[in-house]
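> Sharing protein-v7.pdb below, PDB, C-alpha atoms:
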ATOM      1  CA  MET A   1       0.187  -0.453 -33.838
ATOM      2  CA  GLU A   2       0.864  -4.048 -34.747
ATOM      3  CA  ASP A   3      -2.059  -6.406 -35.315
ATOM      4  CA  LEU A   4      -2.293  -9.025 -32.567
ATOM      5  CA  THR A   5      -3.582 -12.591 -32.847
ATOM      6  CA  PHE A   6      -3.546 -13.906 -29.288
ATOM      7  CA  ILE A   7      -4.486 -10.815 -27.266
ATOM      8  CA  GLU A   8      -7.963  -9.273 -27.166
ATOM      9  CA  TRP A   9      -9.171  -6.214 -25.299
ATOM     10  CA  HIS A  10     -12.251  -4.181 -24.482
ATOM     11  CA  VAL A  11     -12.385  -0.730 -22.912
ATOM     12  CA  ASP A  12     -15.229   0.403 -20.676
ATOM     13  CA  GLY A  13     -14.590   3.977 -19.573
ATOM     14  CA  PRO A  14     -11.266   4.119 -17.709
ATOM     15  CA  VAL A  15     -11.018   0.329 -17.274
ATOM     16  CA  ALA A  16      -9.686  -2.005 -19.941
ATOM     17  CA  THR A  17     -10.120  -5.779 -19.892
ATOM     18  CA  VAL A  18      -7.415  -7.701 -21.741
ATOM     19  CA  TRP A  19      -7.563 -11.422 -22.500
ATOM     20  CA  LEU A  20      -4.882 -13.940 -23.372
ATOM     21  CA  ASN A  21      -6.495 -15.993 -26.130
ATOM     22  CA  ARG A  22      -4.268 -18.781 -27.391
ATOM     23  CA  PRO A  23      -6.407 -21.932 -27.331
ATOM     24  CA  PRO A  24      -6.714 -24.366 -25.803
ATOM     25  CA  VAL A  25      -5.032 -23.292 -22.535
ATOM     26  CA  ASN A  26      -3.242 -20.005 -23.320
ATOM     27  CA  ALA A  27       0.155 -21.699 -23.222
ATOM     28  CA  THR A  28       2.954 -19.226 -23.845
ATOM     29  CA  ASP A  29       5.228 -19.526 -26.850
ATOM     30  CA  HIS A  30       7.378 -17.212 -28.969
ATOM     31  CA  GLU A  31       4.379 -15.555 -30.593
ATOM     32  CA  LEU A  32       2.397 -14.974 -27.402
ATOM     33  CA  TYR A  33       5.440 -13.623 -25.574
ATOM     34  CA  SER A  34       6.062 -11.267 -28.494
ATOM     35  CA  GLU A  35       2.475 -10.029 -28.409
ATOM     36  CA  ILE A  36       2.515  -9.501 -24.636
ATOM     37  CA  ARG A  37       5.714  -7.492 -24.997
ATOM     38  CA  GLN A  38       4.246  -5.474 -27.840
ATOM     39  CA  PHE A  39       0.907  -4.775 -26.175
ATOM     40  CA  PHE A  40       2.020  -3.931 -22.658
ATOM     41  CA  GLY A  41       5.087  -2.114 -23.933
ATOM     42  CA  HIS A  42       2.812   0.240 -25.911
ATOM     43  CA  LEU A  43      -0.274   0.547 -23.705
ATOM     44  CA  ALA A  44      -0.756   4.232 -24.485
ATOM     45  CA  ALA A  45      -1.188   3.335 -28.156
ATOM     46  CA  TYR A  46      -3.564   0.416 -27.607
ATOM     47  CA  LEU A  47      -5.459   1.818 -24.595
ATOM     48  CA  PRO A  48      -5.180   5.625 -24.783
ATOM     49  CA  ASP A  49      -8.106   6.298 -22.424
ATOM     50  CA  ALA A  50      -7.597   3.539 -19.856
ATOM     51  CA  ARG A  51      -6.374   4.151 -16.324
ATOM     52  CA  ALA A  52      -6.354   0.548 -15.099
ATOM     53  CA  VAL A  53      -6.219  -2.885 -16.752
ATOM     54  CA  VAL A  54      -7.718  -6.262 -15.889
ATOM     55  CA  LEU A  55      -5.730  -9.132 -17.428
ATOM     56  CA  ALA A  56      -7.668 -12.394 -17.833
ATOM     57  CA  GLY A  57      -7.552 -15.574 -19.897
ATOM     58  CA  ARG A  58     -10.080 -16.944 -22.367
ATOM     59  CA  GLY A  59     -11.204 -20.529 -22.051
ATOM     60  CA  LYS A  60     -10.641 -23.003 -19.248
ATOM     61  CA  HIS A  61      -7.452 -21.536 -17.774
ATOM     62  CA  PHE A  62      -5.744 -18.216 -17.181
ATOM     63  CA  CYS A  63      -2.479 -19.652 -18.523
ATOM     64  CA  ALA A  64      -1.296 -23.248 -18.278
ATOM     65  CA  GLY A  65       2.392 -22.424 -18.676
ATOM     66  CA  ASN A  66       4.917 -22.588 -21.452
ATOM     67  CA  ASP A  67       4.366 -24.635 -24.598
ATOM     68  CA  LEU A  68       6.421 -27.720 -23.732
ATOM     69  CA  GLY A  69       7.364 -28.270 -27.344
ATOM     70  CA  GLU A  70       9.672 -25.265 -27.090
ATOM     71  CA  PHE A  71      11.553 -26.881 -24.202
ATOM     72  CA  GLN A  72      12.134 -30.000 -26.298
ATOM     73  CA  THR A  73      14.178 -27.987 -28.780
ATOM     74  CA  MET A  74      15.951 -25.731 -26.262
ATOM     75  CA  ASP A  75      19.704 -26.048 -25.885
ATOM     76  CA  PRO A  76      22.478 -23.850 -24.439
ATOM     77  CA  ASP A  77      22.917 -22.112 -27.805
ATOM     78  CA  ASN A  78      19.320 -21.076 -28.521
ATOM     79  CA  ALA A  79      18.201 -20.694 -24.896
ATOM     80  CA  PRO A  80      19.470 -17.112 -24.322
ATOM     81  CA  GLU A  81      17.310 -15.569 -27.055
ATOM     82  CA  ARG A  82      14.213 -17.527 -26.043
ATOM     83  CA  LEU A  83      14.615 -16.780 -22.341
ATOM     84  CA  GLU A  84      15.206 -13.101 -23.031
ATOM     85  CA  LEU A  85      11.897 -12.849 -24.884
ATOM     86  CA  ALA A  86      10.052 -14.405 -21.940
ATOM     87  CA  ARG A  87      11.698 -11.939 -19.559
ATOM     88  CA  GLU A  88      10.798  -9.005 -21.766
ATOM     89  CA  ALA A  89       7.144 -10.089 -21.848
ATOM     90  CA  PHE A  90       6.982 -10.262 -18.052
ATOM     91  CA  TRP A  91       8.805  -6.942 -17.674
ATOM     92  CA  ALA A  92       6.416  -5.268 -20.120
ATOM     93  CA  ILE A  93       3.540  -6.058 -17.761
ATOM     94  CA  TYR A  94       5.507  -5.165 -14.638
ATOM     95  CA  ASP A  95       6.792  -1.869 -16.090
ATOM     96  CA  SER A  96       3.608  -0.866 -17.917
ATOM     97  CA  PRO A  97       2.426   2.627 -16.917
ATOM     98  CA  LEU A  98      -1.029   1.461 -15.787
ATOM     99  CA  PRO A  99      -1.927  -0.647 -12.757
ATOM    100  CA  VAL A 100      -2.702  -4.193 -13.920
ATOM    101  CA  ILE A 101      -4.963  -6.626 -12.055
ATOM    102  CA  ALA A 102      -4.698 -10.326 -12.893
ATOM    103  CA  ALA A 103      -8.061 -12.132 -12.899
ATOM    104  CA  VAL A 104      -7.037 -15.768 -12.537
ATOM    105  CA  HIS A 105      -9.276 -18.778 -13.121
ATOM    106  CA  GLY A 106      -8.356 -22.389 -13.770
ATOM    107  CA  VAL A 107      -4.585 -22.621 -13.465
ATOM    108  CA  ALA A 108      -1.738 -20.128 -13.502
ATOM    109  CA  VAL A 109       1.368 -22.272 -13.644
ATOM    110  CA  GLY A 110       4.934 -21.650 -14.724
ATOM    111  CA  SER A 111       4.908 -18.744 -17.133
ATOM    112  CA  GLY A 112       1.228 -18.261 -16.272
ATOM    113  CA  LEU A 113       2.127 -17.698 -12.646
ATOM    114  CA  ALA A 114       4.899 -15.325 -13.729
ATOM    115  CA  ILE A 115       2.400 -13.339 -15.812
ATOM    116  CA  ALA A 116      -0.024 -13.096 -12.888
ATOM    117  CA  ALA A 117       2.742 -12.145 -10.459
ATOM    118  CA  SER A 118       4.025  -9.487 -12.870
ATOM    119  CA  CYS A 119       0.707  -7.716 -12.371
ATOM    120  CA  ASP A 120       0.128  -5.274  -9.528
ATOM    121  CA  LEU A 121      -2.704  -7.234  -7.921
ATOM    122  CA  VAL A 122      -4.263 -10.688  -8.261
ATOM    123  CA  VAL A 123      -7.932 -11.629  -7.920
ATOM    124  CA  ALA A 124      -8.623 -15.358  -8.143
ATOM    125  CA  ALA A 125     -11.662 -17.478  -8.865
ATOM    126  CA  GLU A 126     -12.694 -20.226  -6.500
ATOM    127  CA  GLY A 127     -10.793 -23.355  -7.454
ATOM    128  CA  ALA A 128      -7.961 -21.469  -9.183
ATOM    129  CA  ARG A 129      -4.614 -23.186  -8.730
ATOM    130  CA  PHE A 130      -1.035 -21.944  -8.883
ATOM    131  CA  ALA A 131       2.257 -23.758  -9.389
ATOM    132  CA  THR A 132       5.882 -23.432 -10.369
ATOM    133  CA  PRO A 133       6.212 -26.843 -12.050
ATOM    134  CA  GLU A 134       9.497 -26.139 -13.814
ATOM    135  CA  VAL A 135      11.365 -28.929 -12.006
ATOM    136  CA  ASN A 136       8.782 -31.362 -13.392
ATOM    137  CA  VAL A 137       9.872 -30.639 -16.967
ATOM    138  CA  GLY A 138      13.601 -30.070 -16.560
ATOM    139  CA  VAL A 139      13.789 -26.281 -16.490
ATOM    140  CA  LEU A 140      13.977 -23.559 -13.855
ATOM    141  CA  GLY A 141      12.297 -20.219 -13.263
ATOM    142  CA  GLY A 142       9.241 -18.675 -11.685
ATOM    143  CA  ALA A 143      10.417 -18.751  -8.080
ATOM    144  CA  LYS A 144      11.305 -15.061  -8.033
ATOM    145  CA  HIS A 145       7.900 -14.137  -9.428
ATOM    146  CA  LEU A 146       6.253 -16.447  -6.898
ATOM    147  CA  SER A 147       8.040 -14.535  -4.119
ATOM    148  CA  ARG A 148       5.820 -11.551  -4.949
ATOM    149  CA  LEU A 149       2.812 -13.641  -3.857
ATOM    150  CA  VAL A 150       4.047 -15.784  -0.950
ATOM    151  CA  PRO A 151       6.934 -15.851   1.559
ATOM    152  CA  GLN A 152      10.204 -17.663   0.936
ATOM    153  CA  GLY A 153       9.290 -20.851   2.778
ATOM    154  CA  VAL A 154       6.229 -21.324   0.589
ATOM    155  CA  VAL A 155       8.240 -20.422  -2.521
ATOM    156  CA  ARG A 156      10.657 -23.253  -1.757
ATOM    157  CA  LEU A 157       7.865 -25.702  -0.978
ATOM    158  CA  MET A 158       6.073 -24.959  -4.258
ATOM    159  CA  HIS A 159       9.257 -24.804  -6.334
ATOM    160  CA  TYR A 160      10.774 -28.045  -5.049
ATOM    161  CA  THR A 161       7.547 -30.045  -5.273
ATOM    162  CA  GLY A 162       6.238 -28.546  -8.508
ATOM    163  CA  ASP A 163       2.740 -29.294  -7.239
ATOM    164  CA  LEU A 164      -0.453 -27.317  -7.796
ATOM    165  CA  TYR A 165      -1.653 -25.279  -4.826
ATOM    166  CA  PRO A 166      -5.170 -23.852  -4.538
ATOM    167  CA  ALA A 167      -5.637 -20.112  -4.349
ATOM    168  CA  GLU A 168      -7.336 -20.618  -0.995
ATOM    169  CA  LYS A 169      -4.055 -21.901   0.474
ATOM    170  CA  LEU A 170      -2.120 -18.868  -0.827
ATOM    171  CA  LEU A 171      -4.676 -16.221   0.154
ATOM    172  CA  PRO A 172      -3.439 -15.707   3.761
ATOM    173  CA  TYR A 173      -0.027 -14.562   2.516
ATOM    174  CA  GLY A 174      -1.441 -11.418   0.880
ATOM    175  CA  GLY A 175      -0.383 -11.930  -2.722
ATOM    176  CA  ILE A 176      -3.965 -12.636  -3.742
ATOM    177  CA  VAL A 177      -6.431  -9.839  -2.982
ATOM    178  CA  GLU A 178      -9.570 -11.963  -2.836
ATOM    179  CA  ILE A 179     -11.157 -15.184  -4.038
ATOM    180  CA  VAL A 180     -14.592 -15.010  -5.634
ATOM    181  CA  PRO A 181     -16.949 -17.380  -7.479
ATOM    182  CA  GLU A 182     -15.728 -17.844 -11.043
ATOM    183  CA  ASP A 183     -18.830 -16.230 -12.538
ATOM    184  CA  GLN A 184     -18.044 -13.097 -10.512
ATOM    185  CA  LEU A 185     -14.328 -12.970 -11.301
ATOM    186  CA  LEU A 186     -14.313 -10.310 -14.004
ATOM    187  CA  ASP A 187     -16.904  -8.166 -12.231
ATOM    188  CA  SER A 188     -14.849  -8.224  -9.028
ATOM    189  CA  ALA A 189     -11.587  -7.466 -10.815
ATOM    190  CA  ARG A 190     -13.213  -4.645 -12.766
ATOM    191  CA  ALA A 191     -14.726  -3.186  -9.584
ATOM    192  CA  LEU A 192     -11.244  -3.111  -8.063
ATOM    193  CA  ALA A 193      -9.893  -1.543 -11.261
ATOM    194  CA  ARG A 194     -12.577   1.165 -11.144
ATOM    195  CA  SER A 195     -11.674   2.011  -7.553
ATOM    196  CA  ILE A 196      -8.124   2.614  -8.789
ATOM    197  CA  ALA A 197      -9.085   4.326 -12.054
ATOM    198  CA  ARG A 198     -11.001   7.108 -10.296
ATOM    199  CA  HIS A 199      -7.652   8.735  -9.536
ATOM    200  CA  SER A 200      -5.579  10.991 -11.779
ATOM    201  CA  PRO A 201      -3.885   9.110 -14.620
ATOM    202  CA  VAL A 202      -0.611  10.974 -14.121
ATOM    203  CA  THR A 203      -0.708  10.243 -10.393
ATOM    204  CA  LEU A 204      -1.353   6.550 -11.054
ATOM    205  CA  GLU A 205       1.542   6.362 -13.497
ATOM    206  CA  LEU A 206       3.913   7.934 -11.002
ATOM    207  CA  ALA A 207       2.494   5.782  -8.190
ATOM    208  CA  LYS A 208       3.263   2.640 -10.172
ATOM    209  CA  ARG A 209       6.756   3.883 -10.957
ATOM    210  CA  SER A 210       7.193   4.583  -7.255
ATOM    211  CA  LEU A 211       5.968   1.169  -6.096
ATOM    212  CA  ASN A 212       8.125  -0.674  -8.619
ATOM    213  CA  GLY A 213      11.127   1.434  -7.699
ATOM    214  CA  ILE A 214      10.903   0.933  -3.942
ATOM    215  CA  GLU A 215       9.907  -2.753  -3.982
ATOM    216  CA  TYR A 216      13.393  -4.018  -3.150
ATOM    217  CA  MET A 217      14.915  -0.846  -1.677
ATOM    218  CA  GLU A 218      15.881  -0.241   1.932
ATOM    219  CA  LEU A 219      13.707   2.177   3.924
ATOM    220  CA  LYS A 220      15.765   5.346   3.634
ATOM    221  CA  PRO A 221      16.625   5.290  -0.093
ATOM    222  CA  GLY A 222      13.125   4.008  -0.825
ATOM    223  CA  TYR A 223      11.440   6.913   0.885
ATOM    224  CA  GLU A 224      13.823   9.355  -0.756
ATOM    225  CA  PHE A 225      12.843   7.902  -4.130
ATOM    226  CA  GLU A 226       9.165   8.378  -3.282
ATOM    227  CA  GLN A 227       9.856  11.983  -2.340
ATOM    228  CA  SER A 228      11.572  12.570  -5.683
ATOM    229  CA  LEU A 229       8.362  11.535  -7.426
ATOM    230  CA  THR A 230       6.311  13.785  -5.129
ATOM    231  CA  ARG A 231       8.510  16.625  -6.368
ATOM    232  CA  GLU A 232       7.848  15.603  -9.980
ATOM    233  CA  LEU A 233       4.121  15.236  -9.383
ATOM    234  CA  SER A 234       3.887  18.694  -7.802
ATOM    235  CA  GLY A 235       4.484  20.199 -11.234
ATOM    236  CA  TYR A 236       1.236  18.734 -12.615
ATOM    237  CA  ALA A 237      -2.144  20.446 -12.493
ATOM    238  CA  ASP A 238      -3.755  17.156 -11.385
ATOM    239  CA  SER A 239      -1.754  17.285  -8.164
ATOM    240  CA  LYS A 240      -3.240  20.651  -7.226
ATOM    241  CA  GLU A 241      -6.703  19.563  -8.400
ATOM    242  CA  ALA A 242      -6.573  16.563  -6.055
ATOM    243  CA  VAL A 243      -5.803  18.575  -2.943
ATOM    244  CA  ASN A 244      -8.119  21.448  -3.898
ATOM    245  CA  ALA A 245     -11.034  19.095  -4.507
ATOM    246  CA  PHE A 246     -10.431  17.416  -1.159
ATOM    247  CA  LEU A 247     -10.367  20.721   0.708
ATOM    248  CA  GLU A 248     -13.425  21.992  -1.172
ATOM    249  CA  HIS A 249     -15.402  18.764  -0.536
ATOM    250  CA  ARG A 250     -16.071  18.087  -4.221
ATOM    251  CA  ALA A 251     -15.216  15.437  -6.772
ATOM    252  CA  PRO A 252     -11.929  16.119  -8.582
ATOM    253  CA  VAL A 253     -11.822  16.713 -12.323
ATOM    254  CA  TYR A 254      -8.597  15.345 -13.720
ATOM    255  CA  THR A 255      -7.066  16.211 -17.066
ATOM    256  CA  GLY A 256      -3.928  14.074 -16.984
ATOM    257  CA  ARG A 257      -1.797  17.196 -16.996
TER     258      ARG A 257
END
Here is a file; write its structure as structure tokens.

Amino acid sequence: MEDLTFIEWHVDGPVATVWLNRPPVNATDHELYSEIRQFFGHLAAYLPDARAVVLAGRGKHFCAGNDLGEFQTMDPDNAPERLELAREAFWAIYDSPLPVIAAVHGVAVGSGLAIAASCDLVVAAEGARFATPEVNVGVLGGAKHLSRLVPQGVVRLMHYTGDLYPAEKLLPYGGIVEIVPEDQLLDSARALARSIARHSPVTLELAKRSLNGIEYMELKPGYEFEQSLTRELSGYADSKEAVNAFLEHRAPVYTGR
């Protein structure tokens, strides 16, 4: 495993809490993107016993967006490599084998919003704000990630204006699970993670693969894909343990096999 400078983590039973820690506002740059890609691309190595992850930010904000200094030096020649690294960091979270819950306080803007929206679920603190401010600084991006949190009309409103919008305004659209006082944010996110982590780790991994796979599929191929993973899951002992425990009115004992 590579040593990491800007990512911290703590494991409590089956739930891991991971923090972005690049002071002062967790702005993303080449190094932080690289560490996100490394960490979430190798979760089994860093978090071998975890079944669910809470992703939070140290300090005042979850993530205040991309380091603007990098945009000052971006041009058509060096942009492809830089943009690819950002994509790979987001995809590492999205494709990671464990469910990931974003615990957002302060602001999640630009790349910060993309990081939150790459997670499976979002819990926000009171007063948290979200934005896709790319048009404000002469770049584009983030609208597709935002579409995982709000409908298209709101995506266009936020993307064209570049303004900050409070979590309370986005909550009705379903992309944010709940809004809680900031001092309860991690406890609430961890409680949600524990409710997920009580299930079989192999089932959770296949469930995440299923949800990612069907997200943009039509009904019929999507359901067929789900069925293909049911077939795969039926070969695991945890699958039989789940149904047997239910029928026998007892708590299941999962082995991950």
> Run through the PyMOL selection byres ((chain A and resi 5-22) around 6) on the given coordinates and return the selected residues as a PyMOL selection string.
chain A and resi 4+23+26+50-58
> Would you pick out the contacts of Gly127 in chain A at 9 Å or less, using all atoms listed in the file, so that residues sharing its chain but fewer than 2 positions from it are not included, and give the list as an mmCIF file with C-alpha atoms, keeping the file's coordinate frame?

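So the final result, stored in selection_27.cif, reads:
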data_model
loop_
_atom_site.group_PDB
_atom_site.id
_atom_site.type_symbol
_atom_site.label_atom_id
_atom_site.label_comp_id
_atom_site.auth_asym_id
_atom_site.auth_seq_id
_atom_site.Cartn_x
_atom_site.Cartn_y
_atom_site.Cartn_z
ATOM 1 C CA HIS A 105 -9.276 -18.778 -13.121
ATOM 2 C CA GLY A 106 -8.356 -22.389 -13.770
ATOM 3 C CA VAL A 107 -4.585 -22.621 -13.465
ATOM 4 C CA ALA A 124 -8.623 -15.358 -8.143
ATOM 5 C CA ALA A 125 -11.662 -17.478 -8.865
ATOM 6 C CA ARG A 129 -4.614 -23.186 -8.730
ATOM 7 C CA PRO A 166 -5.170 -23.852 -4.538
ATOM 8 C CA ALA A 167 -5.637 -20.112 -4.349
ATOM 9 C CA GLU A 168 -7.336 -20.618 -0.995
ATOM 10 C CA ILE A 179 -11.157 -15.184 -4.038
ATOM 11 C CA PRO A 181 -16.949 -17.380 -7.479
ATOM 12 C CA GLU A 182 -15.728 -17.844 -11.043
#
> As a check of understanding, name the residues that the PyMOL selection byres ((chain A and resi 97) around 12) selects in the supplied structure, as a ChimeraX atom specification.
/A:39-45,47-48,50-53,91-96,98-100,119-120,201-212
> So what do you get for CA of Ala131 in chain A versus CA of Val109 in chain A, distance-wise?
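Value for the CA of Ala131 in chain A-CA of Val109 in chain A distance: 4.6 Å.
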> In file coordinates, which residues lie within 12 Å of (6.7, -26.4, -29.5) using all atoms listed in the file, given as a compact mmCIF listing (two decimals) with C-alpha atoms, in the coordinates of the input?

# COMPACT_ATOMS: atom_id res chain seq x y z
CA ALA A 27 0.16 -21.70 -23.22
CA THR A 28 2.95 -19.23 -23.84
CA ASP A 29 5.23 -19.53 -26.85
CA HIS A 30 7.38 -17.21 -28.97
CA GLU A 31 4.38 -15.56 -30.59
CA ASN A 66 4.92 -22.59 -21.45
CA ASP A 67 4.37 -24.64 -24.60
CA LEU A 68 6.42 -27.72 -23.73
CA GLY A 69 7.36 -28.27 -27.34
CA GLU A 70 9.67 -25.26 -27.09
CA PHE A 71 11.55 -26.88 -24.20
CA GLN A 72 12.13 -30.00 -26.30
CA THR A 73 14.18 -27.99 -28.78
CA MET A 74 15.95 -25.73 -26.26
> Using only C-alpha atoms, what residues lie at most 12 Å away from (11.4, -19.2, -11.2) (file coordinates), given as a PDB file with C-alpha atoms, keeping the file's coordinate frame?

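Listing of result37.pdb after writing:
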ATOM      1  CA  LEU A  83      14.615 -16.780 -22.341  1.00  0.00           C
ATOM      2  CA  ALA A  86      10.052 -14.405 -21.940  1.00  0.00           C
ATOM      3  CA  ARG A  87      11.698 -11.939 -19.559  1.00  0.00           C
ATOM      4  CA  VAL A 109       1.368 -22.272 -13.644  1.00  0.00           C
ATOM      5  CA  GLY A 110       4.934 -21.650 -14.724  1.00  0.00           C
ATOM      6  CA  SER A 111       4.908 -18.744 -17.133  1.00  0.00           C
ATOM      7  CA  GLY A 112       1.228 -18.261 -16.272  1.00  0.00           C
ATOM      8  CA  LEU A 113       2.127 -17.698 -12.646  1.00  0.00           C
ATOM      9  CA  ALA A 114       4.899 -15.325 -13.729  1.00  0.00           C
ATOM     10  CA  ILE A 115       2.400 -13.339 -15.812  1.00  0.00           C
ATOM     11  CA  ALA A 117       2.742 -12.145 -10.459  1.00  0.00           C
ATOM     12  CA  ALA A 131       2.257 -23.758  -9.389  1.00  0.00           C
ATOM     13  CA  THR A 132       5.882 -23.432 -10.369  1.00  0.00           C
ATOM     14  CA  PRO A 133       6.212 -26.843 -12.050  1.00  0.00           C
ATOM     15  CA  GLU A 134       9.497 -26.139 -13.814  1.00  0.00           C
ATOM     16  CA  VAL A 135      11.365 -28.929 -12.006  1.00  0.00           C
ATOM     17  CA  VAL A 139      13.789 -26.281 -16.490  1.00  0.00           C
ATOM     18  CA  LEU A 140      13.977 -23.559 -13.855  1.00  0.00           C
ATOM     19  CA  GLY A 141      12.297 -20.219 -13.263  1.00  0.00           C
ATOM     20  CA  GLY A 142       9.241 -18.675 -11.685  1.00  0.00           C
ATOM     21  CA  ALA A 143      10.417 -18.751  -8.080  1.00  0.00           C
ATOM     22  CA  LYS A 144      11.305 -15.061  -8.033  1.00  0.00           C
ATOM     23  CA  HIS A 145       7.900 -14.137  -9.428  1.00  0.00           C
ATOM     24  CA  LEU A 146       6.253 -16.447  -6.898  1.00  0.00           C
ATOM     25  CA  SER A 147       8.040 -14.535  -4.119  1.00  0.00           C
ATOM     26  CA  ARG A 148       5.820 -11.551  -4.949  1.00  0.00           C
ATOM     27  CA  VAL A 155       8.240 -20.422  -2.521  1.00  0.00           C
ATOM     28  CA  ARG A 156      10.657 -23.253  -1.757  1.00  0.00           C
ATOM     29  CA  MET A 158       6.073 -24.959  -4.258  1.00  0.00           C
ATOM     30  CA  HIS A 159       9.257 -24.804  -6.334  1.00  0.00           C
ATOM     31  CA  TYR A 160      10.774 -28.045  -5.049  1.00  0.00           C
ATOM     32  CA  GLY A 162       6.238 -28.546  -8.508  1.00  0.00           C
TER      33      GLY A 162
END
> Could you pull the residues within 12 Å of Val253 in chain A, counting only C-alpha atoms, minus those fewer than 5 positions along the same chain, as a PyMOL selection string?
chain A and resi 198-201+237-246
> Assuming 8 Å of padding per side, give the centre and edge lengths of the axis-aligned box around every listed atom of range 147-164 of chain A, in Å to one decimal and as JSON.

{"center_x": 5.2, "center_y": -20.8, "center_z": -2.9, "size_x": 27.2, "size_y": 34.5, "size_z": 27.3}
> Identify which of the residues A:Gln184, A:Asn78, A:Ser228, A:Ser34 lies closest to Phe90 in chain A, counting all atoms listed in the file when measuring atom-to-atom distances.
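Nearest candidate to Phe90 in chain A out of A:Gln184, A:Asn78, A:Ser228, A:Ser34: A:Ser34.
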> Nearest to Ile196 in chain A: which of A:Met1, A:Glu35, A:Leu121, A:Cys63 is it, counting all atoms listed in the file?
A:Leu121
> Between A:Glu2, A:Leu149, A:Asp183, A:Asn136, which has the minimum distance to Lys169 in chain A (counting all atoms listed in the file)?
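Closest to Lys169 in chain A, using all atoms listed in the file: A:Leu149.
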> Counting all atoms listed in the file, which of A:Val122, A:Ala102, A:Ile176, A:Val137 gets nearest to Thr161 in chain A?
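For Thr161 in chain A, the nearest of the given residues is A:Val137.
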> For the structure just given, write the atoms of range 196-208 of chain A, namely N, CA, C and O atoms, as a tab-separated table (two decimals), in the first residue's frame.

chain	number	residue	atom	x	y	z
A	196	ILE	N	-26.36	-0.62	6.72
A	196	ILE	CA	-25.97	-1.29	5.48
A	196	ILE	C	-24.99	-2.42	5.78
A	196	ILE	O	-25.10	-3.52	5.24
A	197	ALA	N	-24.04	-2.16	6.67
A	197	ALA	CA	-22.93	-3.08	6.92
A	197	ALA	C	-23.36	-4.35	7.65
A	197	ALA	O	-22.57	-5.28	7.77
A	198	ARG	N	-24.60	-4.41	8.12
A	198	ARG	CA	-25.05	-5.64	8.79
A	198	ARG	C	-25.27	-6.77	7.79
A	198	ARG	O	-25.40	-7.94	8.18
A	199	HIS	N	-25.28	-6.45	6.51
A	199	HIS	CA	-25.51	-7.46	5.49
A	199	HIS	C	-24.20	-8.12	5.06
A	199	HIS	O	-23.11	-7.66	5.38
A	200	SER	N	-24.34	-9.20	4.32
A	200	SER	CA	-23.17	-9.95	3.84
A	200	SER	C	-22.27	-9.09	2.98
A	200	SER	O	-22.75	-8.38	2.09
A	201	PRO	N	-20.96	-9.14	3.20
A	201	PRO	CA	-20.06	-8.33	2.38
A	201	PRO	C	-20.09	-8.71	0.90
A	201	PRO	O	-20.00	-7.84	0.03
A	202	VAL	N	-20.23	-9.99	0.60
A	202	VAL	CA	-20.28	-10.39	-0.81
A	202	VAL	C	-21.58	-9.93	-1.44
A	202	VAL	O	-21.62	-9.51	-2.60
A	203	THR	N	-22.67	-9.96	-0.68
A	203	THR	CA	-23.95	-9.48	-1.20
A	203	THR	C	-23.89	-7.98	-1.45
A	203	THR	O	-24.39	-7.48	-2.47
A	204	LEU	N	-23.28	-7.23	-0.54
A	204	LEU	CA	-23.16	-5.79	-0.72
A	204	LEU	C	-22.32	-5.45	-1.94
A	204	LEU	O	-22.65	-4.52	-2.70
A	205	GLU	N	-21.25	-6.19	-2.15
A	205	GLU	CA	-20.40	-5.92	-3.31
A	205	GLU	C	-21.16	-6.15	-4.60
A	205	GLU	O	-21.09	-5.35	-5.54
A	206	LEU	N	-21.91	-7.25	-4.65
A	206	LEU	CA	-22.69	-7.53	-5.85
A	206	LEU	C	-23.86	-6.56	-5.99
A	206	LEU	O	-24.23	-6.17	-7.10
A	207	ALA	N	-24.44	-6.14	-4.86
A	207	ALA	CA	-25.52	-5.16	-4.92
A	207	ALA	C	-25.03	-3.84	-5.49
A	207	ALA	O	-25.72	-3.19	-6.30
A	208	LYS	N	-23.82	-3.42	-5.10
A	208	LYS	CA	-23.29	-2.17	-5.64
A	208	LYS	C	-23.00	-2.32	-7.13
A	208	LYS	O	-23.30	-1.42	-7.92
